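**Q** This is the structure I want to talk about, given as structure tokens.
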There are 2 protein chains.
Amino acid sequence: MNWVSFPVLTYFHAFNLPVPLLATTDAESSSLVLAGVLLSLVVIYLASKLGGELCARIDLPPVLGELLAGVVVGVSALHLLIFPEAGEDGSHSLIMTLLQATANLSPDALTSVFHSQSEVISVLSELGVIILLFEIGLESDLKELLRVGIQATVVAVVGVVVPFALGTAGLMLIFGIPSVPAIFAGAALTATSIGITAKVLAEIQRLSSREGQIIIGAAVMDDILGIIVLAVVASLARDGKVEVGNVVYLIISSAVFLIGAIWIGRLLTPFFVTLVDGMKTRGQLLLSALIIAFVLSYVAAVIQLEAILGAFAAGLILAETEKQRELQKQVIPIADMLTPIFFVVVGARTDIGVLNPFVPENREGLIMASFLIMVAIFGKLVTGLSVFGQPGINRLAIGVGMIPRGEVGLVFASVGSASGVLTQSLEAAIIVMVILTTFLAPPLLRVVFNQGNGVVEPVEAPDPTE
Amino acid sequence: MNWVSFPVLTYFHAFNLPVPLLATTDAESSSLVLAGVLLSLVVIYLASKLGGELCARIDLPPVLGELLAGVVVGVSALHLLIFPEAGEDGSHSLIMTLLQATANLSPDALTSVFHSQSEVISVLSELGVIILLFEIGLESDLKELLRVGIQATVVAVVGVVVPFALGTAGLMLIFGIPSVPAIFAGAALTATSIGITAKVLAEIQRLSSREGQIIIGAAVMDDILGIIVLAVVASLARDGKVEVGNVVYLIISSAVFLIGAIWIGRLLTPFFVTLVDGMKTRGQLLLSALIIAFVLSYVAAVIQLEAILGAFAAGLILAETEKQRELQKQVIPIADMLTPIFFVVVGARTDIGVLNPFVPENREGLIMASFLIMVAIFGKLVTGLSVFGQPGINRLAIGVGMIPRGEVGLVFASVGSASGVLTQSLEAAIIVMVILTTFLAPPLLRVVFNQGNGVVEPVEAPDPTE
């Protein structure tokens with residue numbers, strides 16, 4: 001329908017029109033990119049539903065199924081969904097092979113179509129996690145978060161300090177690793193994947209429990225601490241010293257951003273509600289809310305925080321308005337459409353080849369990995385013990401909730417790998433630790449919340465008319 | 001959160017890590033692309049709501065406001081949203097300038113970030129029109145469409161033959177244009193924009209009226225006829241003769257596709273309902289439906305039809321199931337999020353510079369344009385007269401509903417321009433005709449349906465609990 005879309009492709013293909021080269025290439029790749037994106041989305045949705053349903057039936061969290069199904073369709077196995085930054089080229093992508101077979105994709109255009117299609121899927125997956133955190137923010141209670149704020153901060157700090165100290169010391173003393181790579185690996189142990197934990201909590205409907213709110217608050221803090229830790233170790237890796245200025249900048253900017261966004265947001269919400277009530281066109285509430293979410297995501301991103309923190313802040317702000325319930329109902333289908341892209345893509349990008357013990361090069365890494373995994377689990381479990389002033393709280397659940405490293409852990413591995421300080425086996429050990437903690441945490445989290453009863457209720461907003 | 005995302009960017013930027021060039025570039029552009037996409041979406045949503053609300057207040061259809069707001073933010077004015085295929089480079093994009101000012105976008109990375117960001121927004125806009133046609137299909141009634149099928153076909157055929165004959169003859173006789181370019185311009189007059197008409201019908205809640213269903217049926221037919229007409233004139237433009245084989249292929253493939261998709265779809269829907277009812281994870285209905293919509297869109301695209309025809313067929317099939325109402329409720333927020341991208345992008349891509357009568361080169365085109373506009377309106381208005389066996393039907397409304405050429409008309413102009421048969425003034429005349437018919441039809445359509453009462457009701461599914 002779009003004028004650089006299928007019809008143009010169709011006729012250029014069908015009739016070999018003598019058109020300027022640029023026009024053909026643009027029109028041709030643009031339409032093939034759409035075809036590739038449609039096919040990738042079909043693969044992602046099939047994988048996410050197959051994986052999710054299988055896991056739900058054997059009493060595991062659906063999000064684990066989405067991650068595992070992502071591994072199956074991704075770089076580790078089927079090669080349906082692969083990405084150029086893993087060093088893969090488009091000729092190994094089964095989707096590109098399908099496009100060649102069905103849509104006249106020429107070998108010349110393959111690389112550019114593959115890159116564009118991967119770019120679009122990457123952005124969709126990042127929009128997916130942005131919408132997920134927006135939804136989590138909407139379902140959170142700012143007052144409750146502030147009430148548990150100090151506990152959450154303690155949990156986050158303990159969950160950074162303990163695994164970092166144990167991991168770094170252990171690698172240096174037991175494995176004889178030099179200090180800089182040991183510090184880098186120790187830093188990777190500090191991460192917490194807010195996305196995975198929040199998704200599991202939502203699945204078992206414990207997001208708004210006190211434990212859930214402490215975990216979410218601590219995971220948000222941990223995201224900020226992780227950015228600061230990564231800044232420190234990255235500058236250590238580069239020239240052996242820490243750039244204090246940057247660390248101070250990150251601490252101040254994240255504090256100013258979170259406090260500022262929430263404070264200004266709360267001042268402006270009455271205006272937001274009046275504005276939305278005065279609007280007459282369809283989608284007024286949703287689009288106004290998305291404008292706020294995307295503006296805060298953009299600001300968080302450009303001040304060197306993460307886009308998802310902005311989306312979470314936007315959700316928190318809007319959760320305080322009288323529109324919260326209506327907005328939540330409208331965000332659910334959007335999250336259903338976009339967040340599976342994120343989880344399947346995380347799985348698809350994970351190369352589980354490093355887990356194969358029959359490959360001799362993997363063995364050293366696997367031994368170090370066993371040590372890192374123990375530290376990773378122990379170092380986060382103790383965070384539960386640090387919670388004070390909350391009698392009767394499920395300390396084990398809080399500790400388990402902080403375990404998954406997820407995509408945040410992989411950021412550490414990829415920065416370490418790019419900076420050249422990690423040996424291949426240590427990098428593999430970090431990746432194995434990230435995979436195991438990520439894939440173990442969801443089932444563990446359900447067990448400690450006593451949710452092992454086999455049936456996962458859909459968490460759609462209850463609708464009294466149905 | 002993604003490991004080629006902001007954190008990596010942040011540290012590569014902040015600390016100038018000595019990483020391999022490829023890794024930096026990939027990570028850097030990937031995160032800047034997300035920032036650019038977030039900013040573009042904010043611009044699109046602000047434009048769509050400002051334009052839509054303004055139009056709603058002065059009693060014009062909101063979709064016209066979205067198109068006009070797109071013109072304002074696009075290549076004709078603010079340059080916030082521009083696309084590389086118009087020959088623009090990234091340095092003219094205000095969004096890129098903003099990224100340079102706020103997100104450390106380097107001049108080296110500008111071109112690749114601009115191209116990727118435009119690619120993502122283009123794909124999102126095409127997903128927007130796919131979701132729109134899926135929603136229109138869901139709101140349509142297959143039995144009613146089949147009942148008015150013959151009338152719709154007659155309307156479509158008359159709406160192709162009359163403007164084509166009048167336009168081609170007039171250009172040759174009055175303006176002395178040679179036959180091939182005259183035929184091309186005549187062909188551009190045959191288009192109907194299903195997206196714009198359907199959106200206006202939905203806005204005034206006349207989609208399910210008999211007139212609405214005839215218009216939708218005729219617009220779908222017209223889309224297929226348009227593909228065939230474009231195939232014929234494109235091969236004429238290339239070597240002066242018509243490739244009968246391709247025309248036959250297009251006729252057969254579109255018939256087989258539409259009939260086959262609907263027939264197989266109807267056989268399989270009981271299985272679909274059972275499957276969805278048996279699923280336990282969140283989003284099961286929506287994702288299963290999107291899989292069908294995207295598979296059919298992909299098939300329609302690769303057999304050289306249009307993706308939107310597949311999405312429309314998927315909507316029609318699922319409209320027949322007991323899940324129709326539930327699915328429709330879930331698709332509405334997704335359409336609210338994605339379809340404004342399509343309309344704003346259509347506006348943003350339209351260069352209204354050709355409408356300026358103070359530029360001497362435009363004048364010849366404007367005179368021809370006046371003729372083409374008269375033919376364009378008259379040639380579609382008469383289609384209403386061709387409806388038979390429907391006493392009391394609003395013939396004027398049907399004719400007006402077929403008027404907007406929209407993005408389909410621009411496909412003709414761009415193929416004609418690329419094939420080199422059109423003079424600059426004739427191409428400008430076609431574009432002016434497309435713009436005027438597109439922007440005039442929405443208000444006219446409301447007038448002829450007697451909907452000029454100033455208030456546009458939101459068309460969300462009625463919810464008895466609210």
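Residues in the structure tokens are named by chain (A, B, ... in the order shown) and by number from 1 within that chain; ligands are numbered from 1 in the order shown.
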Show me, as a ChimeraX atom specification, every residue of chain A with an atom at most 6 Å from chain B, counting only C-alpha atoms.

**A** /A:1-3,10,19,34-35,38,42,103,120,123,281-283,291,294,298,302,304,330,333-334,336,407-408,410-411,418-419,458

**Q** Could you take the residues named above and write them with N, CA and C atoms, as a PDB file, in the first residue's frame?

**A**
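For reference, selection_31.pdb as written:
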```pdb
ATOM      1  N   MET A   1       0.834  -1.197   0.000  1.00  0.00           N
ATOM      2  CA  MET A   1       0.000   0.000   0.000  1.00  0.00           C
ATOM      3  C   MET A   1       0.863   1.238   0.000  1.00  0.00           C
ATOM      4  N   ASN A   2       1.917   1.130   0.696  1.00  0.00           N
ATOM      5  CA  ASN A   2       2.899   2.162   0.756  1.00  0.00           C
ATOM      6  C   ASN A   2       3.612   2.228  -0.586  1.00  0.00           C
ATOM      7  N   TRP A   3       3.965   3.418  -1.024  1.00  0.00           N
ATOM      8  CA  TRP A   3       4.460   3.457  -2.389  1.00  0.00           C
ATOM      9  C   TRP A   3       5.914   3.050  -2.569  1.00  0.00           C
ATOM     10  N   THR A  10       6.694  -5.702  -6.969  1.00  0.00           N
ATOM     11  CA  THR A  10       6.063  -6.637  -7.877  1.00  0.00           C
ATOM     12  C   THR A  10       6.375  -6.305  -9.318  1.00  0.00           C
ATOM     13  N   VAL A  19      14.569   1.014 -14.395  1.00  0.00           N
ATOM     14  CA  VAL A  19      14.472   2.126 -13.450  1.00  0.00           C
ATOM     15  C   VAL A  19      15.850   2.427 -12.894  1.00  0.00           C
ATOM     16  N   LEU A  34       9.873  -6.072   4.715  1.00  0.00           N
ATOM     17  CA  LEU A  34       8.558  -6.309   5.323  1.00  0.00           C
ATOM     18  C   LEU A  34       8.218  -7.795   5.292  1.00  0.00           C
ATOM     19  N   ALA A  35       8.471  -8.444   4.145  1.00  0.00           N
ATOM     20  CA  ALA A  35       8.192  -9.885   4.061  1.00  0.00           C
ATOM     21  C   ALA A  35       9.014 -10.646   5.097  1.00  0.00           C
ATOM     22  N   LEU A  38       7.531 -10.053   8.571  1.00  0.00           N
ATOM     23  CA  LEU A  38       6.298 -10.818   8.777  1.00  0.00           C
ATOM     24  C   LEU A  38       6.620 -12.278   9.089  1.00  0.00           C
ATOM     25  N   VAL A  42       6.001 -14.414  12.567  1.00  0.00           N
ATOM     26  CA  VAL A  42       5.278 -15.689  12.618  1.00  0.00           C
ATOM     27  C   VAL A  42       6.112 -16.722  13.372  1.00  0.00           C
ATOM     28  N   ALA A 103      10.202 -15.326  -2.476  1.00  0.00           N
ATOM     29  CA  ALA A 103       9.929 -13.913  -2.769  1.00  0.00           C
ATOM     30  C   ALA A 103      10.981 -13.294  -3.678  1.00  0.00           C
ATOM     31  N   VAL A 120      15.023  -4.277  12.321  1.00  0.00           N
ATOM     32  CA  VAL A 120      13.612  -4.064  12.666  1.00  0.00           C
ATOM     33  C   VAL A 120      13.203  -4.995  13.811  1.00  0.00           C
ATOM     34  N   VAL A 123      14.674  -3.729  17.074  1.00  0.00           N
ATOM     35  CA  VAL A 123      13.956  -2.571  17.613  1.00  0.00           C
ATOM     36  C   VAL A 123      12.599  -3.010  18.167  1.00  0.00           C
ATOM     37  N   THR A 281     -10.970  11.874  19.805  1.00  0.00           N
ATOM     38  CA  THR A 281     -10.641  10.879  18.797  1.00  0.00           C
ATOM     39  C   THR A 281     -10.206   9.578  19.441  1.00  0.00           C
ATOM     40  N   ARG A 282     -10.291   8.539  18.660  1.00  0.00           N
ATOM     41  CA  ARG A 282      -9.996   7.193  19.124  1.00  0.00           C
ATOM     42  C   ARG A 282      -8.534   7.045  19.569  1.00  0.00           C
ATOM     43  N   GLY A 283      -8.323   6.255  20.611  1.00  0.00           N
ATOM     44  CA  GLY A 283      -6.965   5.974  21.074  1.00  0.00           C
ATOM     45  C   GLY A 283      -6.338   7.112  21.856  1.00  0.00           C
ATOM     46  N   ILE A 291       3.100   8.552  24.477  1.00  0.00           N
ATOM     47  CA  ILE A 291       3.973   9.716  24.283  1.00  0.00           C
ATOM     48  C   ILE A 291       4.825   9.927  25.540  1.00  0.00           C
ATOM     49  N   PHE A 294       7.413   7.044  25.852  1.00  0.00           N
ATOM     50  CA  PHE A 294       8.512   7.084  24.894  1.00  0.00           C
ATOM     51  C   PHE A 294       9.417   8.296  25.136  1.00  0.00           C
ATOM     52  N   TYR A 298      13.280   7.832  25.944  1.00  0.00           N
ATOM     53  CA  TYR A 298      14.303   8.520  25.149  1.00  0.00           C
ATOM     54  C   TYR A 298      15.246   9.300  26.062  1.00  0.00           C
ATOM     55  N   VAL A 302      19.288   8.746  26.429  1.00  0.00           N
ATOM     56  CA  VAL A 302      20.331   9.691  26.022  1.00  0.00           C
ATOM     57  C   VAL A 302      21.143  10.211  27.201  1.00  0.00           C
ATOM     58  N   GLN A 304      22.364   8.273  29.213  1.00  0.00           N
ATOM     59  CA  GLN A 304      23.203   7.098  29.457  1.00  0.00           C
ATOM     60  C   GLN A 304      22.651   6.169  30.520  1.00  0.00           C
ATOM     61  N   GLN A 330      -5.785  -1.506  27.996  1.00  0.00           N
ATOM     62  CA  GLN A 330      -5.383  -1.271  26.610  1.00  0.00           C
ATOM     63  C   GLN A 330      -3.932  -1.660  26.360  1.00  0.00           C
ATOM     64  N   PRO A 333      -3.005  -5.972  25.453  1.00  0.00           N
ATOM     65  CA  PRO A 333      -2.816  -6.598  24.132  1.00  0.00           C
ATOM     66  C   PRO A 333      -1.516  -6.157  23.447  1.00  0.00           C
ATOM     67  N   ILE A 334      -1.126  -4.902  23.692  1.00  0.00           N
ATOM     68  CA  ILE A 334       0.116  -4.433  23.071  1.00  0.00           C
ATOM     69  C   ILE A 334       1.308  -5.171  23.653  1.00  0.00           C
ATOM     70  N   ASP A 336       1.131  -8.143  24.962  1.00  0.00           N
ATOM     71  CA  ASP A 336       1.022  -9.519  24.453  1.00  0.00           C
ATOM     72  C   ASP A 336       1.631  -9.641  23.071  1.00  0.00           C
ATOM     73  N   GLU A 407      19.522 -10.661  30.115  1.00  0.00           N
ATOM     74  CA  GLU A 407      20.202  -9.858  29.101  1.00  0.00           C
ATOM     75  C   GLU A 407      21.189  -8.879  29.722  1.00  0.00           C
ATOM     76  N   VAL A 408      20.975  -8.475  31.010  1.00  0.00           N
ATOM     77  CA  VAL A 408      21.907  -7.542  31.640  1.00  0.00           C
ATOM     78  C   VAL A 408      23.272  -8.205  31.820  1.00  0.00           C
ATOM     79  N   LEU A 410      24.460 -10.528  29.985  1.00  0.00           N
ATOM     80  CA  LEU A 410      25.079 -10.668  28.667  1.00  0.00           C
ATOM     81  C   LEU A 410      25.708  -9.360  28.198  1.00  0.00           C
ATOM     82  N   VAL A 411      25.158  -8.217  28.651  1.00  0.00           N
ATOM     83  CA  VAL A 411      25.786  -6.932  28.331  1.00  0.00           C
ATOM     84  C   VAL A 411      27.202  -6.903  28.892  1.00  0.00           C
ATOM     85  N   ALA A 418      34.431  -7.375  24.160  1.00  0.00           N
ATOM     86  CA  ALA A 418      34.856  -6.337  23.224  1.00  0.00           C
ATOM     87  C   ALA A 418      36.105  -5.606  23.726  1.00  0.00           C
ATOM     88  N   SER A 419      36.252  -5.479  25.045  1.00  0.00           N
ATOM     89  CA  SER A 419      37.397  -4.742  25.561  1.00  0.00           C
ATOM     90  C   SER A 419      38.652  -5.602  25.598  1.00  0.00           C
ATOM     91  N   PRO A 458      -4.560 -17.089  33.222  1.00  0.00           N
ATOM     92  CA  PRO A 458      -4.218 -15.924  32.413  1.00  0.00           C
ATOM     93  C   PRO A 458      -4.355 -14.681  33.278  1.00  0.00           C
TER      94      PRO A 458
END
```

**Q** Within 9 Å of range 207-215 of chain A, counting only C-alpha atoms, which residues show up once you throw out same-chain ones fewer than 4 positions away? Write them as a PyMOL selection string, please.

**A** chain A and resi 136+139-141+144-145+148-149+151-153+155-156+194+197-203+219-220+393-395+397-399+401-402

**Q** Can you write just those residues out, C-alpha atoms, as a PDB file, in the first residue's frame?

**A**
```pdb
ATOM      1  CA  ILE A 136       5.040  -3.380  35.172  1.00  0.00           C
ATOM      2  CA  GLU A 139       0.818  -2.439  37.840  1.00  0.00           C
ATOM      3  CA  SER A 140       3.162  -1.187  40.567  1.00  0.00           C
ATOM      4  CA  ASP A 141       2.199   1.022  43.425  1.00  0.00           C
ATOM      5  CA  GLU A 144       4.273   0.827  48.249  1.00  0.00           C
ATOM      6  CA  LEU A 145       7.563   1.067  46.327  1.00  0.00           C
ATOM      7  CA  VAL A 148       9.831  -0.548  50.753  1.00  0.00           C
ATOM      8  CA  GLY A 149      12.396   1.758  49.139  1.00  0.00           C
ATOM      9  CA  GLN A 151      14.703  -2.360  52.008  1.00  0.00           C
ATOM     10  CA  ALA A 152      14.877  -2.556  48.216  1.00  0.00           C
ATOM     11  CA  THR A 153      18.009  -0.417  48.215  1.00  0.00           C
ATOM     12  CA  VAL A 155      18.696  -5.746  48.877  1.00  0.00           C
ATOM     13  CA  ALA A 156      20.152  -4.229  45.694  1.00  0.00           C
ATOM     14  CA  ILE A 194      14.356  -6.925  35.780  1.00  0.00           C
ATOM     15  CA  THR A 197      11.829 -11.465  37.147  1.00  0.00           C
ATOM     16  CA  ALA A 198       9.000  -8.997  36.584  1.00  0.00           C
ATOM     17  CA  LYS A 199       7.459 -11.228  33.925  1.00  0.00           C
ATOM     18  CA  VAL A 200       7.474 -14.277  36.221  1.00  0.00           C
ATOM     19  CA  LEU A 201       6.033 -12.243  39.096  1.00  0.00           C
ATOM     20  CA  ALA A 202       3.266 -11.038  36.795  1.00  0.00           C
ATOM     21  CA  GLU A 203       2.600 -14.592  35.606  1.00  0.00           C
ATOM     22  CA  ALA A 219      15.858  -4.814  40.436  1.00  0.00           C
ATOM     23  CA  VAL A 220      15.395  -1.190  39.321  1.00  0.00           C
ATOM     24  CA  ILE A 393       8.248 -11.683  54.710  1.00  0.00           C
ATOM     25  CA  ASN A 394       9.311 -14.447  52.332  1.00  0.00           C
ATOM     26  CA  ARG A 395      13.075 -13.827  52.406  1.00  0.00           C
ATOM     27  CA  ALA A 397      11.508 -15.477  47.483  1.00  0.00           C
ATOM     28  CA  ILE A 398      13.261 -12.114  47.484  1.00  0.00           C
ATOM     29  CA  GLY A 399      16.657 -13.768  47.148  1.00  0.00           C
ATOM     30  CA  GLY A 401      13.817 -13.097  42.569  1.00  0.00           C
ATOM     31  CA  MET A 402      17.209 -11.411  42.245  1.00  0.00           C
TER      32      MET A 402
END
```

**Q** Could you give me the residues within range 39-285 of chain A that DSSP places in helix (DSSP H, G or I), as a ChimeraX atom specification?

**A** /A:39-57,62-73,84-86,90-92,94-102,107-139,142-147,149-175,179-188,194-203,210-239,244-278,284-285

**Q** I'd like the neighbourhood of His79 in chain A as a ChimeraX atom specification, where a residue qualifies if any of its atoms comes within 10 Å (using only C-alpha atoms), though same-chain residues fewer than 4 positions away should be ignored.

**A** /A:71-75,83,88,92-95,348

**Q** Counting only C-alpha atoms, which residues in range 186-240 of chain B sit no more than 12 Å from range 255-273 of chain B? For each one, give the nearest pair of atoms and the distance in Å, sorted by chain then residue number, as JSON lines.

**A**
```
{"residue": "B:Val220", "atom": "CA", "partner": "B:Leu258", "partner_atom": "CA", "distance": 10.3}
{"residue": "B:Met221", "atom": "CA", "partner": "B:Ala255", "partner_atom": "CA", "distance": 10.3}
{"residue": "B:Ile224", "atom": "CA", "partner": "B:Ala255", "partner_atom": "CA", "distance": 9.2}
{"residue": "B:Leu225", "atom": "CA", "partner": "B:Ala255", "partner_atom": "CA", "distance": 11.2}
```

**Q** Write the residues of the selection above to a file with C-alpha atoms, as a PDB file, in the first residue's frame.

**A**
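Written out: result07.pdb:
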```pdb
ATOM      1  CA  VAL B 220     -10.776  -4.682  -2.317  1.00  0.00           C
ATOM      2  CA  MET B 221     -11.687  -5.542  -5.926  1.00  0.00           C
ATOM      3  CA  ILE B 224      -6.700  -6.279  -7.256  1.00  0.00           C
ATOM      4  CA  LEU B 225      -7.773  -4.548 -10.490  1.00  0.00           C
TER       5      LEU B 225
END
```

**Q** Please compute the CA of Val233 in chain B-CA of Val160 in chain B distance, one decimal, in Å.

**A**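 Distance reported for this atom pair: 13.4 Å.
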
**Q** When you draw a straight line from CA of Pro181 in chain B to CA of Ala169 in chain B, how long is it in Å?

**A**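 According to the coordinates, CA of Pro181 in chain B and CA of Ala169 in chain B are separated by 11.4 Å.
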
**Q** Quick one: pull the distance between CA of Leu132 in chain B and CA of Ser254 in chain B, Å, one decimal.

**A**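 Between CA of Leu132 in chain B and CA of Ser254 in chain B the gap works out to 20.5 Å.
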